[in-house]
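> Supplied structure: upload_30.txt, compact mmCIF, C-alpha atoms.
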```
# COMPACT_ATOMS: atom_id res chain seq x y z
CA MET A 1016 -37.30 63.13 -10.60
CA THR A 1017 -35.92 59.86 -11.89
CA LEU A 1018 -34.34 57.21 -9.72
CA GLN A 1019 -30.92 57.94 -11.24
CA GLU A 1020 -31.30 61.65 -10.44
CA ARG A 1021 -32.19 60.87 -6.82
CA ILE A 1022 -29.23 58.54 -6.44
CA LYS A 1023 -26.90 61.16 -7.95
CA ARG A 1024 -28.27 63.81 -5.54
CA VAL A 1025 -27.70 61.49 -2.56
CA ILE A 1026 -24.15 60.68 -3.69
CA ASP A 1027 -23.39 64.37 -4.32
CA ASN A 1028 -24.69 65.44 -0.90
CA VAL A 1029 -23.90 62.55 1.45
CA ASP A 1030 -20.80 64.29 2.90
CA GLU A 1031 -22.89 67.32 3.85
CA VAL A 1032 -25.56 65.10 5.41
CA VAL A 1033 -22.90 63.28 7.48
CA GLN A 1034 -21.50 66.60 8.73
CA LEU A 1035 -24.94 68.04 9.48
CA SER A 1036 -25.87 64.85 11.34
CA LYS A 1037 -22.69 65.05 13.44
CA ASP A 1038 -23.34 68.70 14.24
CA LEU A 1039 -26.93 68.03 15.32
CA ALA A 1040 -26.10 64.83 17.22
CA VAL A 1041 -23.24 66.32 19.24
CA ASN A 1042 -25.56 68.68 21.08
CA GLU A 1043 -27.97 65.88 22.00
CA ILE A 1044 -25.21 63.45 22.96
CA TYR A 1045 -23.56 66.17 25.06
CA GLY A 1046 -26.75 66.68 27.07
CA TYR A 1047 -27.58 62.99 27.39
CA SER A 1048 -24.07 62.00 28.50
CA LYS A 1049 -23.81 64.75 31.12
CA ASP A 1050 -27.20 63.74 32.52
CA ARG A 1051 -26.21 60.07 32.55
CA ILE A 1052 -22.93 60.69 34.37
CA PHE A 1053 -23.57 63.63 36.69
CA ASN A 1054 -27.28 63.21 37.51
CA LYS A 1055 -27.91 59.48 37.22
CA GLY A 1056 -24.40 58.29 38.15
CA LEU A 1057 -24.17 55.77 35.30
CA ASP A 1058 -21.23 54.53 33.23
CA LYS A 1059 -21.27 53.99 29.44
CA ASN A 1060 -23.06 50.65 29.94
CA ASN A 1061 -25.76 52.35 32.04
CA LYS A 1062 -24.52 50.63 35.19
CA GLN A 1063 -24.06 52.47 38.47
CA ILE A 1064 -20.57 54.02 38.62
CA GLY A 1065 -20.13 53.03 42.24
CA GLU A 1066 -20.97 53.77 45.85
CA TYR A 1067 -19.38 56.21 48.26
CA SER A 1068 -17.36 54.61 51.01
CA ASP A 1069 -18.44 54.36 54.63
CA ARG A 1070 -14.82 53.69 55.66
CA LYS A 1071 -13.64 56.22 58.22
CA LEU A 1072 -10.66 58.38 57.36
CA PRO A 1073 -8.83 60.73 59.68
CA ALA A 1074 -10.82 63.95 59.66
CA PHE A 1075 -7.74 66.01 58.71
CA PHE A 1076 -8.17 64.58 55.17
CA PHE A 1077 -11.14 66.91 54.88
CA ASN A 1078 -9.61 69.93 56.62
CA ASN A 1079 -10.31 73.19 54.77
CA LYS A 1080 -12.47 71.46 52.19
CA GLY A 1081 -16.16 71.61 51.70
CA ASN A 1082 -18.95 73.98 50.98
CA ASN A 1083 -21.28 72.98 53.78
CA LYS A 1084 -23.24 75.53 55.76
CA LYS A 1085 -21.44 74.47 58.91
CA GLY A 1086 -18.24 75.80 57.41
CA LYS A 1087 -15.03 73.92 56.84
CA ILE A 1088 -14.52 70.54 58.47
CA ASN A 1089 -12.78 70.79 61.82
CA PRO A 1090 -10.92 67.55 62.60
CA LYS A 1091 -11.53 68.08 66.32
CA ASP A 1092 -15.27 67.61 65.68
CA TYR A 1093 -14.65 64.09 64.33
CA PRO A 1094 -12.21 62.31 66.66
CA ASN A 1095 -13.18 58.89 65.23
CA GLY A 1096 -12.76 60.01 61.66
CA LEU A 1097 -15.18 60.75 58.89
CA SER A 1098 -16.15 58.78 55.79
CA TYR A 1099 -16.27 60.40 52.39
CA LYS A 1100 -19.98 59.55 52.31
CA GLU A 1101 -20.52 61.46 55.58
CA PHE A 1102 -18.42 64.33 54.24
CA ARG A 1103 -20.65 64.53 51.17
CA ALA A 1104 -23.77 64.48 53.34
CA LEU A 1105 -22.41 67.39 55.38
CA ASN A 1106 -22.05 69.25 52.08
CA ASN A 1107 -25.64 68.47 51.03
CA LEU A 1108 -24.45 66.27 48.16
CA ARG A 1109 -25.89 63.00 46.90
CA THR A 1110 -24.66 59.94 48.82
CA ASP A 1111 -26.76 57.09 47.42
CA ARG A 1112 -24.54 56.64 44.34
CA VAL A 1113 -21.37 58.03 42.82
CA ASN A 1114 -22.19 60.85 40.43
CA LEU A 1115 -18.78 62.58 40.29
CA THR A 1116 -20.09 65.89 41.58
CA PHE A 1117 -18.43 67.61 44.47
CA SER A 1118 -17.83 70.79 42.61
CA THR A 1119 -18.94 71.31 39.04
CA ASP A 1120 -15.32 71.55 37.82
CA LEU A 1121 -15.28 68.13 36.13
CA GLN A 1122 -18.68 68.62 34.54
CA ASP A 1123 -17.73 72.11 33.40
CA SER A 1124 -14.52 70.82 31.81
CA ILE A 1125 -16.54 68.82 29.27
CA THR A 1126 -17.19 70.94 26.23
CA ARG A 1127 -18.18 70.60 22.60
CA ARG A 1128 -17.15 72.09 19.33
CA LYS A 1129 -19.09 71.60 16.13
CA ASP A 1130 -18.93 67.78 15.86
CA VAL A 1131 -16.82 66.69 18.84
CA ILE A 1132 -17.20 66.44 22.64
CA TYR A 1133 -13.97 66.67 24.65
CA PHE A 1134 -12.34 67.74 27.90
CA GLY A 1135 -11.37 71.37 27.53
CA ASN A 1136 -8.66 71.41 30.19
CA GLU A 1137 -6.04 69.23 31.90
CA TYR A 1138 -8.10 68.99 35.09
CA GLY A 1139 -10.91 67.23 33.25
CA LYS A 1140 -8.53 64.87 31.47
CA LYS A 1141 -6.77 63.89 34.70
CA VAL A 1142 -9.83 63.58 36.93
CA SER A 1143 -11.82 61.62 34.35
CA ALA A 1144 -8.93 59.19 33.82
CA TYR A 1145 -8.51 58.82 37.59
CA ASN A 1146 -12.21 58.02 38.07
CA GLU A 1147 -12.28 55.48 35.23
CA LYS A 1148 -9.24 53.78 36.75
CA THR A 1149 -10.60 53.94 40.32
CA PHE A 1150 -13.99 52.48 39.42
CA ASN A 1151 -12.58 50.26 36.64
CA LYS A 1152 -15.30 51.44 34.25
CA LYS A 1153 -15.65 53.41 31.06
CA ILE A 1154 -17.63 56.40 32.22
CA PHE A 1155 -17.07 59.15 29.70
CA ALA A 1156 -17.33 57.16 26.47
CA PRO A 1157 -20.73 57.43 24.80
CA SER A 1158 -23.32 54.81 25.71
CA LYS A 1159 -24.96 52.65 23.07
CA GLU A 1160 -28.05 54.87 23.27
CA GLU A 1161 -25.93 57.99 22.82
CA LYS A 1162 -24.22 56.49 19.77
CA ASN A 1163 -27.63 55.68 18.30
CA ILE A 1164 -28.56 59.36 18.47
CA PHE A 1165 -26.19 60.01 15.55
CA LEU A 1166 -27.58 57.09 13.55
CA THR A 1167 -31.16 58.23 14.11
CA ILE A 1168 -30.38 61.78 13.04
CA PHE A 1169 -28.38 60.53 10.04
CA ASP A 1170 -31.32 58.34 8.95
CA GLU A 1171 -33.71 61.28 9.29
CA GLU A 1172 -31.45 63.60 7.28
CA MET A 1173 -30.90 60.98 4.56
CA ASP A 1174 -34.68 60.51 4.31
CA LYS A 1175 -35.08 64.27 3.87
CA LEU A 1176 -32.44 64.28 1.15
CA TRP A 1177 -33.98 61.29 -0.62
CA ASN A 1178 -37.49 62.71 -0.46
CA SER A 1179 -36.65 66.33 -1.31
CA LYS A 1180 -37.71 67.59 -4.72
```
Rewrite the coordinates I just gave you, this time as structure tokens.


Amino acid sequence: MTLQERIKRVIDNVDEVVQLSKDLAVNEIYGYSKDRIFNKGLDKNNKQIGEYSDRKLPAFFFNNKGNNKKGKINPKDYPNGLSYKEFRALNNLRTDRVNLTFSTDLQDSITRRKDVIYFGNEYGKKVSAYNEKTFNKKIFAPSKEEKNIFLTIFDEEMDKLWNSK
């Protein structure tokens, strides 16, 4: 195959390679970003999202909430209040760093379709915006490493196209 024929093949097929690369990358980025946010507790810059507060709140804030084995929080059991960090500990949830998991509702609201990752419901949109505002961080935008996933896949697919016979 001549150089001109290869160049023509690349030009004729570059749109398909871009779309294929997006489709492949979205699945990887989806997994990486959910792990980064919900397991590691990191924002888009790979910095810790935050820490849970030790500040005591009146226990009635937590009334009828929770999934701990002790049952629902009874304000009478906490006359001096309860911090959100303590509340999480009672529910057997991570307390060493913010990872935005009390229930899996926020995590489950993130979905993907072909070449896009998005919040599939209003709950996810509202709660994600609230958390980014509260912690003053971009959390749900892709990290630099996640963006590079697309570029790596695109390079690989372009190499395949260039080298195919």

> Can you tell me which residues surround segment 1027-1037 of chain A at a distance of at most 10 Å, considering all atoms listed in the file, apart from same-chain residues fewer than 4 positions away, and format the answer as a list in words?

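Near neighbours after the sequence-gap exclusion: Arg1021, Ile1022, Lys1023, Val1041, Asn1042, Ile1044, Lys1129, Asp1130, Val1131, Ile1164, Phe1165, Leu1166, Thr1167, Ile1168, Phe1169, Asp1170, Glu1171, Glu1172, Met1173, Lys1175 and Leu1176 of chain A.
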
> Near Asp1050 of chain A, within 12 Å and counting only C-alpha atoms, which residues show up once chain neighbours fewer than 4 positions away are dropped, as an mmCIF file with C-alpha atoms, keeping the file's coordinate frame?


```cif
data_model
loop_
_atom_site.group_PDB
_atom_site.id
_atom_site.type_symbol
_atom_site.label_atom_id
_atom_site.label_comp_id
_atom_site.auth_asym_id
_atom_site.auth_seq_id
_atom_site.Cartn_x
_atom_site.Cartn_y
_atom_site.Cartn_z
ATOM 1 C CA GLU A 1043 -27.970 65.880 22.000
ATOM 2 C CA ILE A 1044 -25.210 63.450 22.960
ATOM 3 C CA TYR A 1045 -23.560 66.170 25.060
ATOM 4 C CA GLY A 1046 -26.750 66.680 27.070
ATOM 5 C CA ASN A 1054 -27.280 63.210 37.510
ATOM 6 C CA LYS A 1055 -27.910 59.480 37.220
ATOM 7 C CA GLY A 1056 -24.400 58.290 38.150
ATOM 8 C CA LEU A 1057 -24.170 55.770 35.300
ATOM 9 C CA ASP A 1058 -21.230 54.530 33.230
ATOM 10 C CA LYS A 1059 -21.270 53.990 29.440
ATOM 11 C CA ASN A 1061 -25.760 52.350 32.040
ATOM 12 C CA ASN A 1114 -22.190 60.850 40.430
ATOM 13 C CA LEU A 1115 -18.780 62.580 40.290
ATOM 14 C CA THR A 1116 -20.090 65.890 41.580
ATOM 15 C CA GLN A 1122 -18.680 68.620 34.540
ATOM 16 C CA PHE A 1155 -17.070 59.150 29.700
ATOM 17 C CA PRO A 1157 -20.730 57.430 24.800
ATOM 18 C CA SER A 1158 -23.320 54.810 25.710
ATOM 19 C CA GLU A 1161 -25.930 57.990 22.820
#
```

> May I ask for the distance between atom CA of Val1142 of chain A and atom CA of Phe1117 of chain A, given in Å to one decimal place?

12.1 Å

> Mind giving me the straight-line distance from atom CA of Pro1090 of chain A to atom CA of Phe1075 of chain A in Å, one decimal?

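Result for atom CA of Pro1090 of chain A versus atom CA of Phe1075 of chain A: 5.3 Å, one decimal.
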
> Hey, which of A:Asp1174, A:Glu1160, A:Glu1066, A:Glu1020 ends up closest to Thr1110 of chain A? Count all atoms listed in the file.

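Among the listed residues, A:Glu1066 lies closest to Thr1110 of chain A.
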
> Just give me the gap between atom CA of Lys1140 of chain A and atom CA of Ile1064 of chain A in Å, one decimal is fine.

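So the answer is 17.7 Å.
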
> Closest to Phe1076 of chain A among A:Ser1048, A:Ala1144, A:Asn1060, A:Ser1098, using all atoms listed in the file?

A:Ser1098

> Could you pull segment 1116-1138 of chain A out of the block above and save it with C-alpha atoms, as a tab-separated table (two decimals), in the first residue's frame?


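Okay, this is what ended up in out_4.tsv:
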```tsv
chain	number	residue	atom	x	y	z
A	1116	THR	CA	-21.33	7.14	50.20
A	1117	PHE	CA	-24.08	6.88	52.74
A	1118	SER	CA	-26.42	5.07	50.46
A	1119	THR	CA	-25.49	4.12	46.92
A	1120	ASP	CA	-28.10	6.48	45.46
A	1121	LEU	CA	-25.60	9.08	44.22
A	1122	GLN	CA	-23.25	6.48	42.80
A	1123	ASP	CA	-26.15	4.65	41.16
A	1124	SER	CA	-27.39	7.87	39.55
A	1125	ILE	CA	-24.23	8.07	37.42
A	1126	THR	CA	-24.79	6.24	34.18
A	1127	ARG	CA	-23.36	5.99	30.70
A	1128	ARG	CA	-24.66	5.78	27.20
A	1129	LYS	CA	-22.50	4.97	24.22
A	1130	ASP	CA	-20.00	7.87	24.44
A	1131	VAL	CA	-21.20	9.96	27.39
A	1132	ILE	CA	-21.26	9.68	31.20
A	1133	TYR	CA	-24.02	11.63	32.97
A	1134	PHE	CA	-26.37	11.81	35.95
A	1135	GLY	CA	-29.47	9.84	35.05
A	1136	ASN	CA	-31.82	11.55	37.51
A	1137	GLU	CA	-32.48	14.83	39.31
A	1138	TYR	CA	-31.25	13.43	42.63
```
